[in-house]
Amino acid sequence: MTRLLRSFVRVLIVSAIFPALLSAQIIPPTKPIPIKVVVVAMFERGEDTGDTPGEYQLWVEREHLDQIIPLPAGYHHVRLNKDGVLGILTGVGTAKAAASVMAVGLDPRFDLSKAYWLVAGIGGGDPADVSLGSAVWADHVLDGDLAYEIDARQIPENWPTGYVPLRRAIPYEQPVRDQLEGELYTLNSDLVAWALRLTKDTPLADSDSLRASRARFAGFPNALKPPFVTRGDTLSSSTFWHGSKMDEWANAWTRYYTFGKGNYMVSAMEDTGTMQALTFLNQAGRVDLQRVLVLRTVSNYDREPPGTSAADSLKSMVSGNYSAYFPAIEAAQIVGDKVVRDIVEHWSVRESTLPH
């Protein structure tokens, strides 16, 4: 073959291969999976299915979250069903919750731009407002960690608590700062109202053991009621606090940061971490913060029964032996799933128009 012919052949080969290589380089990535609802649970006791349930298992089993998708940047793999419902398990505490939600929110495999977010978990209820096994849709999520604190043994006699708001010198000093640093998250009131209307008549499990546990709280009319669905505020803290004095603080802390409008009902651990991550993701255009709901169900009371000590009351719960653990786990899924099913079944409307 002559040199000229060999050069000609090379030109033909390059001409044939280059467009193919160029085409391979510009093939667009796989289209992100459109997500309709993200269900956020915080802890699981064992496997995702088939054993003693935590907050996640009933969702996995009943919503048929059968497709497992690895999430190396998060606490746990995520799960998806055929309806576009994504389940995530964040891990316990605000730090794990914030990191796991951020990992999901930034994952290019998911289109979360129209997704509704449902945080569904258990917590300690204020017997002044709720009974064991009840469910609370949150209007506000407050942070109980962002504060100054003086040890209880050194609190001035005229102070009601050792907790002091950041940038303030005494408890509940006025005015409340204009620029908060994560102490308060306010949810979409219309969406919360819609969720309550949709679920307020949901039958919740009651039993002789629940009635016996409730009976210890004589003098608290709401604590003596069978389980019910309501709306109120949650206070999130990575410290599992307990006792009537701390309950008084939680109520006052909530009133302070909501300018007297809020009513603390349930304690939790992770929700401010989740809300902070969702706030940043909203700023990045990855999620819509107006589509977020927080549901907490009452597994135990946040204080001791009248006539007993806070220390003894806490001791009875340190192994997770809550008075209404299983009813609360059940209520979180049953009540929350009414919202999930409505969104999925009416997606042609819910995708573009928020319920109100």
# chains A, B, ... in the order shown; residues from 1 in each chain; ligands from 1

$ residues_around --residues "Ala205 (chain A)" --least-positions-apart "4" --cutoff "9 Å" --atoms "only C-alpha atoms" --output "compact mmCIF listing (two decimals) with all heavy atoms, in the first residue's frame"
# COMPACT_ATOMS: atom_id res chain seq x y z
N GLY A 133 -50.47 8.11 72.38
CA GLY A 133 -50.93 7.60 71.10
C GLY A 133 -51.52 8.66 70.19
O GLY A 133 -51.89 8.35 69.05
N PRO A 226 -58.93 9.44 75.00
CA PRO A 226 -58.40 8.47 74.03
C PRO A 226 -57.54 9.20 73.00
O PRO A 226 -57.65 10.42 72.84
CB PRO A 226 -59.67 7.87 73.40
CG PRO A 226 -60.77 8.18 74.35
CD PRO A 226 -60.40 9.47 75.02
N PRO A 227 -56.68 8.50 72.28
CA PRO A 227 -55.80 9.16 71.30
C PRO A 227 -56.60 9.94 70.26
O PRO A 227 -57.68 9.51 69.82
CB PRO A 227 -55.06 7.99 70.65
CG PRO A 227 -55.12 6.90 71.67
CD PRO A 227 -56.43 7.05 72.37
N PRO A 327 -48.42 1.87 69.80
CA PRO A 327 -49.51 2.71 69.29
C PRO A 327 -49.02 3.97 68.58
O PRO A 327 -49.62 4.40 67.59
CB PRO A 327 -50.31 3.04 70.55
CG PRO A 327 -50.04 1.91 71.48
CD PRO A 327 -48.60 1.53 71.23
N ALA A 328 -47.93 4.58 69.09
CA ALA A 328 -47.42 5.79 68.45
C ALA A 328 -46.79 5.49 67.10
O ALA A 328 -46.98 6.25 66.13
CB ALA A 328 -46.40 6.47 69.37
N GLU A 330 -47.64 3.06 65.15
CA GLU A 330 -48.78 2.78 64.30
C GLU A 330 -49.48 4.07 63.87
O GLU A 330 -49.82 4.25 62.70
CB GLU A 330 -49.76 1.87 65.05
CG GLU A 330 -50.94 1.39 64.24
CD GLU A 330 -50.63 0.19 63.37
OE1 GLU A 330 -49.63 -0.50 63.62
OE2 GLU A 330 -51.40 -0.04 62.43
N ALA A 331 -49.71 4.97 64.81
CA ALA A 331 -50.41 6.21 64.51
C ALA A 331 -49.65 7.07 63.51
O ALA A 331 -50.25 7.69 62.62
CB ALA A 331 -50.65 7.00 65.80

$ residues_around --residues "region 276-281 of chain A" --least-positions-apart "2" --cutoff "8 Å" --atoms "only C-alpha atoms" --output "ChimeraX atom specification"
/A:98-99,101-102,105-106,182,272-274,283-287,289

$ write_last_selection --atoms "C-alpha atoms" --output "compact mmCIF listing (two decimals), in the first residue's frame"
# COMPACT_ATOMS: atom_id res chain seq x y z
CA ALA A 98 -29.43 17.31 58.54
CA ALA A 99 -26.68 15.37 56.78
CA VAL A 101 -31.65 14.96 54.22
CA MET A 102 -29.01 17.07 52.50
CA GLY A 105 -31.76 16.60 48.48
CA LEU A 106 -28.56 17.04 46.44
CA GLY A 182 -32.34 28.25 63.43
CA THR A 272 -34.66 21.18 63.35
CA GLY A 273 -31.81 19.39 61.57
CA THR A 274 -34.22 18.24 58.89
CA GLN A 283 -32.63 28.24 48.66
CA ALA A 284 -30.84 26.12 46.05
CA GLY A 285 -34.09 25.43 44.19
CA ARG A 286 -33.91 21.70 44.93
CA VAL A 287 -37.04 21.46 47.09
CA LEU A 289 -40.25 24.40 51.60

$ closest_residue --among "A:Ala223, A:Ile150, A:Ala310, A:Val192" --to "Met246 (chain A)" --atoms "only C-alpha atoms"
A:Ala310

$ closest_residue --among "A:Val344, A:Glu304, A:Ala195, A:Pro203" --to "Ala218 (chain A)" --atoms "only C-alpha atoms"
A:Glu304

$ atom_distance --atom1 "CA of Ser134 (chain A)" --atom2 "CA of Asn300 (chain A)"
10.1 Å

$ atom_distance --atom1 "CA of Val40 (chain A)" --atom2 "CA of Arg109 (chain A)"
17.7 Å

$ residues_around --residues "region 248-258 of chain A" --least-positions-apart "2" --cutoff "7 Å" --atoms "only C-alpha atoms" --output "short mmCIF file (atom, residue, chain, number, x, y, z; two decimals) with N, CA, C and O atoms, in the first residue's frame"
data_model
loop_
_atom_site.label_atom_id
_atom_site.label_comp_id
_atom_site.auth_asym_id
_atom_site.auth_seq_id
_atom_site.Cartn_x
_atom_site.Cartn_y
_atom_site.Cartn_z
N LEU A 142 -39.36 24.13 66.80
CA LEU A 142 -38.42 24.97 67.56
C LEU A 142 -37.20 24.18 67.97
O LEU A 142 -37.25 22.97 68.16
N THR A 161 -35.42 29.50 84.73
CA THR A 161 -34.68 28.44 84.05
C THR A 161 -33.23 28.86 83.87
O THR A 161 -32.90 30.05 83.96
N TYR A 172 -35.68 34.61 78.41
CA TYR A 172 -36.83 35.24 77.74
C TYR A 172 -36.74 36.76 77.65
O TYR A 172 -37.73 37.47 77.64
N VAL A 176 -37.35 39.67 71.18
CA VAL A 176 -36.80 38.52 70.48
C VAL A 176 -35.99 39.03 69.30
O VAL A 176 -36.38 40.00 68.62
N LEU A 184 -36.28 28.73 65.13
CA LEU A 184 -37.69 28.59 64.81
C LEU A 184 -37.87 28.35 63.32
O LEU A 184 -37.28 29.04 62.48
N SER A 244 -41.26 17.80 84.80
CA SER A 244 -42.23 18.89 84.79
C SER A 244 -41.57 20.26 84.66
O SER A 244 -42.11 21.16 84.01
N LYS A 245 -40.39 20.42 85.25
CA LYS A 245 -39.68 21.71 85.12
C LYS A 245 -39.24 21.94 83.68
O LYS A 245 -39.31 23.05 83.15
N MET A 246 -38.76 20.88 83.03
CA MET A 246 -38.35 21.01 81.63
C MET A 246 -39.58 21.21 80.74
O MET A 246 -39.51 21.94 79.73
N GLY A 260 -45.90 34.35 71.53
CA GLY A 260 -47.11 33.99 72.24
C GLY A 260 -48.14 33.24 71.42
O GLY A 260 -49.18 32.85 71.94
N LYS A 261 -47.86 32.99 70.15
CA LYS A 261 -48.83 32.34 69.28
C LYS A 261 -48.74 30.82 69.32
O LYS A 261 -49.71 30.12 69.01
N GLY A 262 -47.59 30.29 69.67
CA GLY A 262 -47.38 28.85 69.59
C GLY A 262 -47.80 28.12 70.85
O GLY A 262 -47.96 28.71 71.92
N ASN A 263 -47.98 26.82 70.71
CA ASN A 263 -48.32 25.96 71.84
C ASN A 263 -47.52 24.67 71.73
O ASN A 263 -47.82 23.82 70.89
N TYR A 264 -46.50 24.55 72.56
CA TYR A 264 -45.69 23.33 72.57
C TYR A 264 -46.53 22.12 72.96
O TYR A 264 -47.27 22.16 73.94
#

$ closest_residue --among "A:Ala135, A:Ile170, A:Ala120, A:Leu112" --to "Tyr56 (chain A)" --atoms "only C-alpha atoms"
A:Ala120

$ select_by_dssp --residues "region 57-283 of chain A" --states "strand (DSSP E or B)" --output "PyMOL selection string"
chain A and resi 67-69+78-80+85-89+110-111+116-125+135-143+148-149+163-164+184-186+229-236+264-268
